[in-house]
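K.L.:
As input, take target-v1.txt (compact mmCIF, C-alpha atoms):
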```txt
# COMPACT_ATOMS: atom_id res chain seq x y z
CA MET A 30 22.57 -88.54 7.20
CA GLU A 31 23.34 -89.55 3.63
CA LYS A 32 20.47 -87.43 2.38
CA LYS A 33 21.86 -84.48 4.25
CA VAL A 34 25.26 -85.09 2.72
CA LEU A 35 23.67 -85.36 -0.70
CA ARG A 36 21.75 -82.11 -0.21
CA VAL A 37 24.85 -80.27 0.92
CA TYR A 38 26.81 -81.73 -1.95
CA LEU A 39 24.18 -80.61 -4.45
CA LEU A 40 24.20 -77.14 -2.93
CA PHE A 41 27.97 -76.92 -3.28
CA VAL A 42 27.80 -78.28 -6.82
CA CYS A 43 25.21 -75.63 -7.70
CA ILE A 44 27.40 -72.89 -6.29
CA SER A 45 30.47 -74.26 -8.08
CA LEU A 46 28.61 -74.48 -11.37
CA SER A 47 27.28 -70.96 -10.88
CA LEU A 48 30.85 -69.82 -10.38
CA LEU A 49 31.87 -71.62 -13.54
CA VAL A 50 29.05 -69.98 -15.47
CA PHE A 51 29.84 -66.54 -14.12
CA ASP A 52 33.57 -67.02 -14.54
CA GLY A 53 33.87 -63.77 -16.44
CA PHE A 54 32.58 -61.82 -13.48
CA THR A 55 35.17 -63.15 -11.04
CA ASP A 56 37.21 -60.45 -9.46
CA ILE A 57 40.82 -61.43 -9.99
CA LYS A 58 41.92 -58.77 -7.56
CA LEU A 59 40.36 -60.82 -4.78
CA GLY A 60 42.60 -63.70 -5.78
CA ASN A 61 45.65 -61.48 -5.71
CA LYS A 62 44.73 -60.25 -2.26
CA CYS A 63 44.25 -63.80 -1.04
CA TYR A 64 47.55 -64.78 -2.62
CA SER A 65 49.44 -62.01 -0.89
CA PHE A 66 47.76 -62.93 2.40
CA PHE A 67 48.66 -66.62 2.33
CA SER A 68 51.75 -66.75 0.20
CA LEU A 69 54.27 -65.47 2.66
CA ASP A 70 57.68 -65.36 1.16
CA PHE A 71 59.77 -66.90 3.86
CA HIS A 72 63.03 -65.85 2.34
CA ASN A 73 61.85 -62.30 2.36
CA PHE A 74 60.49 -62.74 5.86
CA PHE A 75 63.79 -63.96 7.23
CA SER A 76 65.78 -61.45 5.24
CA LYS A 77 63.52 -58.75 6.64
CA PHE A 78 64.13 -60.14 10.11
CA LEU A 79 67.88 -60.06 9.53
CA GLN A 80 67.58 -56.61 8.01
CA ASN A 81 65.74 -55.58 11.13
CA ASN A 82 68.74 -56.58 13.25
CA ASP A 83 71.04 -54.64 10.92
CA LEU A 84 68.72 -51.66 11.20
CA LYS A 85 68.82 -51.87 14.99
CA GLU A 86 72.62 -51.79 14.94
CA GLU A 87 72.60 -48.94 12.46
CA ASN A 88 70.07 -47.13 14.60
CA ALA A 89 72.33 -47.47 17.66
CA ARG A 90 75.30 -46.20 15.64
CA LEU A 91 73.28 -43.27 14.35
CA LEU A 92 72.08 -42.41 17.84
CA GLU A 93 75.69 -42.29 19.02
CA LYS A 94 76.53 -40.11 16.05
CA ILE A 95 73.60 -37.82 16.80
CA ALA A 96 74.75 -37.49 20.42
CA ALA A 97 78.30 -36.64 19.28
CA LEU A 98 77.01 -34.14 16.71
CA SER A 99 74.68 -32.60 19.26
CA TYR A 100 77.60 -32.12 21.64
CA GLU A 101 79.67 -30.67 18.81
CA LYS A 102 76.84 -28.32 17.91
CA GLN A 103 76.56 -27.12 21.49
CA THR A 104 80.32 -26.52 21.61
CA TYR A 105 80.12 -24.74 18.27
CA ASN A 106 77.31 -22.50 19.52
CA GLU A 107 79.27 -21.69 22.66
CA LEU A 108 82.35 -20.85 20.60
CA LYS A 109 80.27 -18.76 18.23
CA LYS A 110 78.81 -16.82 21.13
CA GLU A 111 82.24 -16.35 22.66
CA ASN A 112 83.64 -15.28 19.31
CA GLN A 113 80.86 -12.74 18.92
CA GLU A 114 81.54 -11.36 22.39
CA LEU A 115 85.26 -11.11 21.68
CA LYS A 116 84.55 -9.34 18.40
CA GLU A 117 82.37 -6.83 20.20
CA ILE A 118 85.06 -6.32 22.83
CA ILE A 119 87.74 -5.70 20.21
CA GLU A 120 85.48 -3.38 18.27
CA PHE A 121 84.54 -1.49 21.40
CA LYS A 122 88.16 -1.24 22.46
CA PHE A 123 89.27 0.16 19.10
CA ASN A 124 86.39 2.60 18.87
CA TYR A 125 86.90 3.97 22.34
CA PRO A 126 89.25 7.00 22.32
CA LYS A 127 90.88 6.32 25.67
CA GLY A 128 92.80 3.23 26.65
CA ILE A 129 90.49 0.58 28.09
CA ILE A 130 91.17 -2.82 29.59
CA PRO A 131 88.58 -5.54 28.98
CA ALA A 132 87.99 -7.87 31.92
CA GLU A 133 85.73 -10.82 32.56
CA ILE A 134 83.54 -10.88 35.63
CA GLU A 135 84.66 -13.84 37.73
CA ARG A 136 82.35 -13.48 40.68
CA ARG A 137 79.58 -11.22 41.82
CA THR A 138 77.91 -10.73 45.15
CA PRO A 139 74.69 -12.68 45.23
CA GLU A 140 72.56 -9.97 46.85
CA GLU A 141 71.06 -7.04 45.00
CA ILE A 142 72.12 -4.46 47.60
CA ASN A 143 75.65 -3.12 47.21
CA LEU A 144 76.26 -5.24 44.15
CA SER A 145 79.93 -5.70 43.35
CA TYR A 146 82.01 -7.82 40.98
CA GLN A 147 85.34 -9.47 41.09
CA ILE A 148 87.07 -9.11 37.74
CA GLY A 149 89.94 -11.18 36.42
CA LYS A 150 92.43 -8.39 35.99
CA GLY A 151 94.40 -6.34 38.50
CA ALA A 152 97.30 -4.01 39.04
CA SER A 153 99.61 -6.14 36.87
CA GLU A 154 97.44 -5.22 33.85
CA GLY A 155 97.37 -1.57 34.78
CA ILE A 156 94.13 -1.40 36.72
CA GLU A 157 94.16 1.20 39.46
CA ARG A 158 91.86 2.02 42.32
CA ASN A 159 88.96 4.37 41.45
CA ALA A 160 89.26 3.68 37.73
CA ALA A 161 85.92 3.97 35.90
CA VAL A 162 84.30 0.73 34.80
CA ILE A 163 81.99 0.71 31.82
CA SER A 164 80.23 -1.84 29.63
CA PHE A 165 79.05 -1.82 26.01
CA LYS A 166 76.00 0.26 26.86
CA GLY A 167 77.01 2.55 29.72
CA ILE A 168 78.77 3.01 33.03
CA VAL A 169 78.92 0.15 35.51
CA GLY A 170 80.83 1.49 38.48
CA LYS A 171 84.38 2.02 39.66
CA VAL A 172 87.29 -0.07 40.86
CA LEU A 173 87.10 -0.27 44.63
CA LYS A 174 90.13 -2.37 45.23
CA SER A 175 92.91 -3.47 42.93
CA GLY A 176 94.84 -6.64 43.67
CA LYS A 177 97.70 -8.06 41.67
CA ASN A 178 95.62 -10.16 39.31
CA THR A 179 92.06 -9.41 40.37
CA SER A 180 90.07 -6.32 41.24
CA VAL A 181 86.80 -5.53 42.98
CA VAL A 182 84.34 -3.29 41.16
CA GLN A 183 81.77 -1.30 43.06
CA THR A 184 78.72 -1.01 40.83
CA LEU A 185 76.17 1.77 40.67
CA LYS A 186 73.91 -0.34 42.84
CA ASN A 187 75.58 0.80 46.01
CA TYR A 188 74.49 3.11 48.83
CA ASN A 189 77.86 4.84 48.70
CA SER A 190 77.80 5.41 44.97
CA ALA A 191 77.50 9.06 43.89
CA ILE A 192 78.15 10.10 40.29
CA SER A 193 77.81 13.51 38.74
CA VAL A 194 75.54 13.28 35.70
CA LYS A 195 74.24 15.69 33.11
CA ASP A 196 71.11 15.88 30.95
CA THR A 197 72.15 15.83 27.30
CA ARG A 198 69.16 17.97 26.29
CA SER A 199 69.14 20.74 28.93
CA SER A 200 72.63 20.29 30.42
CA ILE A 201 71.13 20.20 33.92
CA GLU A 202 73.45 18.46 36.33
CA GLY A 203 72.77 16.31 39.35
CA ILE A 204 74.14 13.50 41.51
CA LEU A 205 73.16 9.94 40.63
CA LYS A 206 72.61 7.79 43.69
CA TRP A 207 71.04 4.44 44.50
CA ASN A 208 68.70 3.44 47.27
CA LYS A 209 66.90 0.34 45.97
CA LYS A 210 66.28 2.41 42.83
CA PHE A 211 68.30 4.96 40.90
CA PHE A 212 67.51 8.60 41.51
CA ILE A 213 69.07 12.04 41.00
CA GLU A 214 69.66 14.42 43.81
CA GLY A 215 70.24 18.16 43.80
CA VAL A 216 68.15 19.17 40.81
CA PRO A 217 66.12 22.33 41.59
CA GLN A 218 62.35 22.50 41.00
CA TYR A 219 62.61 24.95 38.12
CA ALA A 220 65.13 22.79 36.24
CA ASP A 221 64.17 21.61 32.76
CA LEU A 222 64.38 17.84 33.15
CA LYS A 223 61.75 15.56 31.64
CA LYS A 224 60.89 11.93 31.42
CA GLY A 225 62.79 10.31 28.55
CA ASP A 226 65.86 12.57 28.81
CA THR A 227 69.24 10.90 28.42
CA LEU A 228 71.87 11.29 31.10
CA VAL A 229 75.63 11.13 30.69
CA THR A 230 78.51 11.62 33.07
CA SER A 231 79.37 15.30 33.58
CA GLY A 232 83.11 14.74 34.05
CA LYS A 233 83.16 16.37 37.47
CA GLY A 234 85.04 14.43 40.09
CA SER A 235 88.13 12.43 39.44
CA VAL A 236 86.58 9.05 38.55
CA PHE A 237 84.40 9.16 35.44
CA PRO A 238 85.40 10.94 32.25
CA LYS A 239 82.91 13.26 30.60
CA GLY A 240 80.14 11.97 28.31
CA LEU A 241 79.80 8.32 29.34
CA PRO A 242 76.18 7.15 28.87
CA VAL A 243 74.40 6.53 32.17
CA GLY A 244 70.69 6.02 31.65
CA ILE A 245 67.33 7.49 30.83
CA VAL A 246 64.93 9.50 33.00
CA THR A 247 61.84 7.42 33.80
CA TYR A 248 60.15 9.69 36.37
CA ALA A 249 60.43 13.44 37.07
CA ARG A 250 58.10 15.28 39.47
CA LYS A 251 58.21 18.18 41.94
CA LYS A 252 58.59 17.14 45.55
CA PRO A 253 55.72 18.61 47.63
CA ASP A 254 57.78 19.68 50.66
CA ASP A 255 61.08 20.38 49.04
CA TYR A 256 62.64 22.72 46.52
CA SER A 257 64.05 19.95 44.39
CA LEU A 258 62.78 17.55 41.74
CA GLU A 259 62.17 13.89 42.40
CA ILE A 260 63.86 12.09 39.47
CA GLU A 261 64.19 8.40 38.84
CA ILE A 262 66.34 6.89 36.13
CA GLU A 263 66.84 3.56 34.43
CA PRO A 264 70.50 2.75 33.62
CA PHE A 265 71.34 1.64 30.07
CA GLU A 266 73.07 -1.50 31.28
CA ASP A 267 71.42 -4.29 33.21
CA LEU A 268 74.03 -4.77 35.90
CA ASN A 269 72.85 -8.28 36.74
CA LYS A 270 73.39 -9.70 33.27
CA ILE A 271 76.72 -8.43 32.02
CA SER A 272 79.70 -10.76 31.84
CA VAL A 273 82.40 -8.47 30.46
CA VAL A 274 83.37 -4.96 31.61
CA PHE A 275 85.97 -2.41 30.52
CA VAL A 276 88.18 -0.55 32.90
CA ILE A 277 89.19 2.90 31.68
CA GLU A 278 92.89 3.53 32.17
CA LYS A 279 93.64 6.54 34.24
CA MET B 7 35.63 -76.24 19.22
CA ARG B 8 36.27 -79.07 16.73
CA ILE B 9 34.92 -76.86 13.95
CA PHE B 10 37.42 -74.16 14.80
CA ALA B 11 40.19 -76.75 14.89
CA LEU B 12 39.09 -77.96 11.45
CA ILE B 13 39.05 -74.40 10.08
CA PHE B 14 42.49 -73.83 11.50
CA ILE B 15 43.86 -77.09 10.09
CA SER B 16 42.22 -76.31 6.74
CA LEU B 17 43.89 -72.92 6.57
CA LEU B 18 47.14 -74.52 7.57
CA ALA B 19 46.77 -77.13 4.84
CA PHE B 20 45.97 -74.42 2.32
CA PHE B 21 48.92 -72.39 3.45
CA PHE B 22 51.23 -75.41 3.13
CA SER B 23 49.90 -76.37 -0.27
CA ILE B 24 50.45 -72.93 -1.79
CA ASN B 25 53.87 -72.61 -0.21
CA ILE B 26 54.79 -76.26 -0.65
CA GLU B 27 57.86 -75.57 -2.73
CA LYS B 28 59.29 -73.74 0.25
CA PHE B 29 58.73 -76.70 2.60
CA ILE B 30 58.65 -80.17 1.06
CA LEU B 31 59.58 -80.80 -2.52
CA ILE B 32 61.30 -84.02 -3.57
CA GLY B 33 62.43 -83.57 -7.13
CA ASN B 34 59.29 -82.26 -8.76
CA ILE B 35 56.86 -84.20 -6.60
CA SER B 36 55.25 -82.74 -3.55
CA LEU B 37 52.77 -83.38 -0.78
CA LYS B 38 49.08 -82.61 -1.26
CA PRO B 39 48.02 -81.49 2.23
CA ILE B 40 44.54 -80.48 1.08
CA ILE B 41 43.77 -83.88 -0.41
CA ILE B 42 45.15 -85.72 2.63
CA LEU B 43 43.08 -83.52 4.94
CA LEU B 44 39.92 -84.04 2.90
CA TYR B 45 40.52 -87.79 2.74
CA PHE B 46 40.92 -88.21 6.47
CA THR B 47 38.20 -85.70 7.42
CA THR B 48 35.63 -87.39 5.20
CA LEU B 49 36.50 -90.98 6.01
CA TYR B 50 37.54 -90.79 9.64
CA TRP B 51 35.55 -87.83 10.98
CA LYS B 52 32.31 -86.62 9.33
CA PRO B 53 31.52 -86.70 5.60
CA LEU B 54 29.65 -83.41 5.98
CA TYR B 55 32.76 -81.74 7.35
CA GLY B 56 34.69 -83.21 4.44
CA LEU B 57 32.23 -81.66 2.00
CA ALA B 58 32.35 -78.24 3.67
CA THR B 59 36.12 -78.32 3.95
CA GLY B 60 36.41 -79.40 0.32
CA PHE B 61 34.23 -76.55 -0.86
CA PHE B 62 35.94 -73.99 1.36
CA LEU B 63 39.48 -75.05 0.40
CA GLY B 64 38.49 -75.41 -3.25
CA PHE B 65 37.19 -71.90 -3.23
CA LEU B 66 40.34 -70.61 -1.58
CA TYR B 67 42.48 -72.53 -4.04
CA GLU B 68 40.39 -71.11 -6.84
CA ILE B 69 40.96 -67.51 -5.93
CA TYR B 70 44.62 -68.26 -5.43
CA LEU B 71 45.02 -70.08 -8.75
CA PRO B 72 42.16 -68.97 -10.98
CA VAL B 73 41.81 -71.33 -13.96
CA PHE B 74 38.05 -71.69 -14.41
CA THR B 75 36.35 -70.28 -11.35
CA GLY B 76 34.36 -72.98 -9.56
CA THR B 77 36.46 -75.90 -10.81
CA TYR B 78 38.32 -76.66 -7.61
CA PRO B 79 35.31 -76.34 -5.28
CA LEU B 80 33.54 -78.78 -7.61
CA ILE B 81 36.49 -81.23 -7.71
CA PHE B 82 37.17 -81.19 -3.96
CA THR B 83 33.49 -81.39 -3.03
CA SER B 84 32.96 -84.23 -5.47
CA MET B 85 35.99 -86.02 -4.08
CA ALA B 86 34.63 -85.70 -0.54
CA PHE B 87 31.19 -86.82 -1.68
CA GLY B 88 32.65 -89.81 -3.52
CA LEU B 89 34.63 -90.82 -0.44
CA SER B 90 31.54 -90.43 1.73
CA LEU B 91 29.65 -92.80 -0.61
CA ILE B 92 32.17 -95.59 -0.21
CA GLU B 93 32.96 -94.85 3.42
CA LYS B 94 30.90 -97.73 4.72
CA LYS B 95 31.85 -100.13 1.96
CA ILE B 96 35.55 -100.30 2.80
CA PHE B 97 37.56 -101.37 5.82
CA LYS B 98 38.92 -97.94 6.42
CA PHE B 99 41.12 -98.91 9.38
CA ARG B 100 43.08 -101.38 7.34
CA TYR B 101 46.27 -100.19 5.76
CA ASN B 102 45.27 -101.49 2.34
CA SER B 103 42.44 -98.91 2.38
CA LEU B 104 45.13 -96.40 1.56
CA ILE B 105 44.89 -97.53 -2.03
CA LEU B 106 41.87 -95.25 -2.03
CA LEU B 107 44.07 -92.33 -1.05
CA PHE B 108 46.48 -93.31 -3.82
CA CYS B 109 43.64 -93.32 -6.34
CA THR B 110 42.21 -90.06 -5.01
CA VAL B 111 45.51 -88.20 -5.32
CA LEU B 112 46.05 -89.68 -8.75
CA PHE B 113 42.54 -88.73 -9.86
CA ILE B 114 42.73 -85.17 -8.54
CA ASN B 115 46.16 -84.67 -10.07
CA LEU B 116 44.92 -86.08 -13.34
CA VAL B 117 42.05 -83.63 -13.38
CA GLN B 118 44.49 -80.83 -12.60
CA VAL B 119 46.74 -81.93 -15.43
CA ILE B 120 43.78 -82.13 -17.83
CA ILE B 121 42.80 -78.61 -16.86
CA GLU B 122 46.26 -77.11 -16.96
CA VAL B 123 48.17 -79.07 -19.65
CA ASP B 124 47.28 -78.49 -23.28
CA LYS B 125 49.16 -81.30 -25.06
CA ILE B 126 47.93 -84.88 -24.68
CA SER B 127 51.39 -86.28 -25.57
CA SER B 128 53.05 -84.64 -22.63
CA MET B 129 50.25 -85.82 -20.33
CA PHE B 130 51.41 -89.48 -20.35
CA TYR B 131 54.91 -88.40 -19.56
CA ILE B 132 53.61 -86.37 -16.63
CA ILE B 133 51.52 -89.30 -15.34
CA PHE B 134 54.55 -91.56 -14.99
CA THR B 135 57.10 -89.02 -13.88
CA HIS B 136 54.93 -86.87 -11.71
CA LEU B 137 51.46 -88.16 -10.83
CA ILE B 138 52.20 -91.73 -9.77
CA PRO B 139 55.24 -90.86 -7.62
CA GLU B 140 53.22 -88.06 -6.03
CA ALA B 141 50.36 -90.45 -5.28
CA ILE B 142 52.84 -92.89 -3.69
CA LEU B 143 54.39 -90.14 -1.56
CA ASN B 144 51.00 -88.93 -0.33
CA SER B 145 49.92 -92.51 0.40
CA ALA B 146 53.06 -92.95 2.48
CA VAL B 147 52.18 -89.87 4.49
CA GLY B 148 48.64 -91.19 4.79
CA LEU B 149 50.09 -94.43 6.13
CA VAL B 150 51.77 -92.55 8.96
CA ILE B 151 48.59 -90.61 9.76
CA LEU B 152 46.51 -93.82 9.70
CA TYR B 153 48.99 -95.42 12.05
CA PHE B 154 48.43 -92.62 14.58
CA ILE B 155 44.66 -92.75 14.08
CA LYS B 156 44.67 -96.49 14.76
CA LYS B 157 46.88 -96.00 17.77
CA SER B 158 44.57 -93.36 19.24
CA GLN B 159 41.53 -95.64 18.91
```
Would you encode the structure as structure tokens?

P.N.:
Amino acid sequence: MEKKVLRVYLLFVCISLSLLVFDGFTDIKLGNKCYSFFSLDFHNFFSKFLQNNDLKEENARLLEKIAALSYEKQTYNELKKENQELKEIIEFKFNYPKGIIPAEIERRTPEEINLSYQIGKGASEGIERNAAVISFKGIVGKVLKSGKNTSVVQTLKNYNSAISVKDTRSSIEGILKWNKKFFIEGVPQYADLKKGDTLVTSGKGSVFPKGLPVGIVTYARKKPDDYSLEIEIEPFEDLNKISVVFVIEK
Amino acid sequence: MRIFALIFISLLAFFFSINIEKFILIGNISLKPIIILLYFTTLYWKPLYGLATGFFLGFLYEIYLPVFTGTYPLIFTSMAFGLSLIEKKIFKFRYNSLILLFCTVLFINLVQVIIEVDKISSMFYIIFTHLIPEAILNSAVGLVILYFIKKSQ
């Protein structure tokens, strides 16, 4: 046992002496690494721990602030959008030659067939029955019923709707109707009406004034067993998406 | 399992000795956990373990405090070897055997002072104000450890 101890001791002494001899080759960086590994600065450790608690509190405060700012941003965006809409309404109202009354759509019938709106203005604001209703892009319909403070608008998407329209290019006239899609009736086969033509109101009838934009021709073909053209149109305004309409004063 | 325990205790002793000022420091004297560990490992466990621990801790101490690389492994290993030589010649379970611990701490500290201090004149001052009180403190701690060792026997 003692011999073993002696041998091990001699081995360690040899290594130690070798280290002493090769002192110049020792990598000090290794010592620094070892130092940083073992020499934990407890003050720093505890201060970091305490700092961690402070950071948690600060984090919670900041999260609350973020939530408040996020809400504010949403409100701001809503107000911005509303402001933009109001600007457009005012601009539209001033640019339009006739007197128009802007109104917000309060309710709309959920089904696609015979789509109608309830608007937030009525007879007290000067809205009368059969007054034309338009939007920024084109015609929407007419006032079907006028209450004191609310009115019902019958849109173009109605079986009973019939509007006299005119092609801006060839001045051909026809009747715009709706039966699950918009089409024009009463246009003879020889009439010059092509796909892509723009249609406006002709002014005939007592409801819509002349020249209001209606839509664009998407399909025009001769009917095989008839003397008229089969014409389909796409209105300028998407009637399912609008939120504000304008009632033209009579 | 005991080897792992020894490695763990060695690392703990090393950790305490390099951070000693943050734990136990009376005036300018402090505990020497490495020396106490080596003393008890060599005398009361296995001299071979004492040698290995001495070399390992010396090497660690060396890369932590590089003076002349290889000095501390040599000192600690020699200390363990010296203790292993006189292991059977002393009554190690008697309290007066702790005089050996006193001498060991004093010797190791003296070697440290010789290595680190340049002026001989200040060395004597350090011996009386620093080395002897430190040896007494470490012997006192050794006394407590020996008491528990005796109790566990």

K.L.:
Could you list as number ranges by chain every residue that has an atom within 9 Å of (33.9, -78.8, -10.1), using the file's coordinates and counting only C-alpha atoms?

P.N.:
A: 42, 45-46, 49; B: 64, 75-84

K.L.:
Closest to chain A among B:Ile32, B:Met85, B:Ile142, B:Leu43, using all atoms listed in the file?

P.N.:
B:Met85

K.L.:
Between atom CA of Lys279 of chain A and atom CA of Gly232 of chain A, what is the distance, to one decimal in Å?

P.N.:
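Atom-to-atom, atom CA of Lys279 of chain A to atom CA of Gly232 of chain A, that is 13.3 Å.
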
K.L.:
Counting only C-alpha atoms, which residues of chain B come no farther than 12 Å from chain A, as a ChimeraX atom specification?

P.N.:
/B:17-29,48,52-62,64-94

K.L.:
Near Ala220 of chain A, counting all atoms listed in the file, which residues have an atom at most 8 Å away, once you skip same-chain residues fewer than 3 positions from it, shown as a PyMOL selection string?

P.N.:
chain A and resi 201+216-217+258

K.L.:
I need the residue nearest Asn189 of chain A from this list: A:Leu144, A:Asp221, A:Gly149, A:Gly167. Use all atoms listed in the file for the distance.

P.N.:
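Among the listed residues, A:Leu144 lies closest to Asn189 of chain A.
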
K.L.:
Enter the distance from atom CA of Thr179 of chain A to atom CA of Asp267 of chain A, in Å, rounded to one decimal.

P.N.:
22.4 Å

K.L.:
Just want the 9 Å neighbourhood of Asn115 of chain B, counted on only C-alpha atoms, with same-chain residues fewer than 4 positions away dropped. Output as a PyMOL selection string.

P.N.:
chain B and resi 110-111+119-120+133+137+140-141

K.L.:
Which distance in Å separates atom CA of Glu133 of chain A and atom CA of Leu268 of chain A, to one decimal?

P.N.:
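Atom-to-atom, atom CA of Glu133 of chain A and atom CA of Leu268 of chain A are spaced 13.6 Å apart.
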
K.L.:
Using all atoms listed in the file, give me every residue within 10 Å of (57.1, -85.9, -10.4) in file coordinates, as a count of residues only.

P.N.:
17
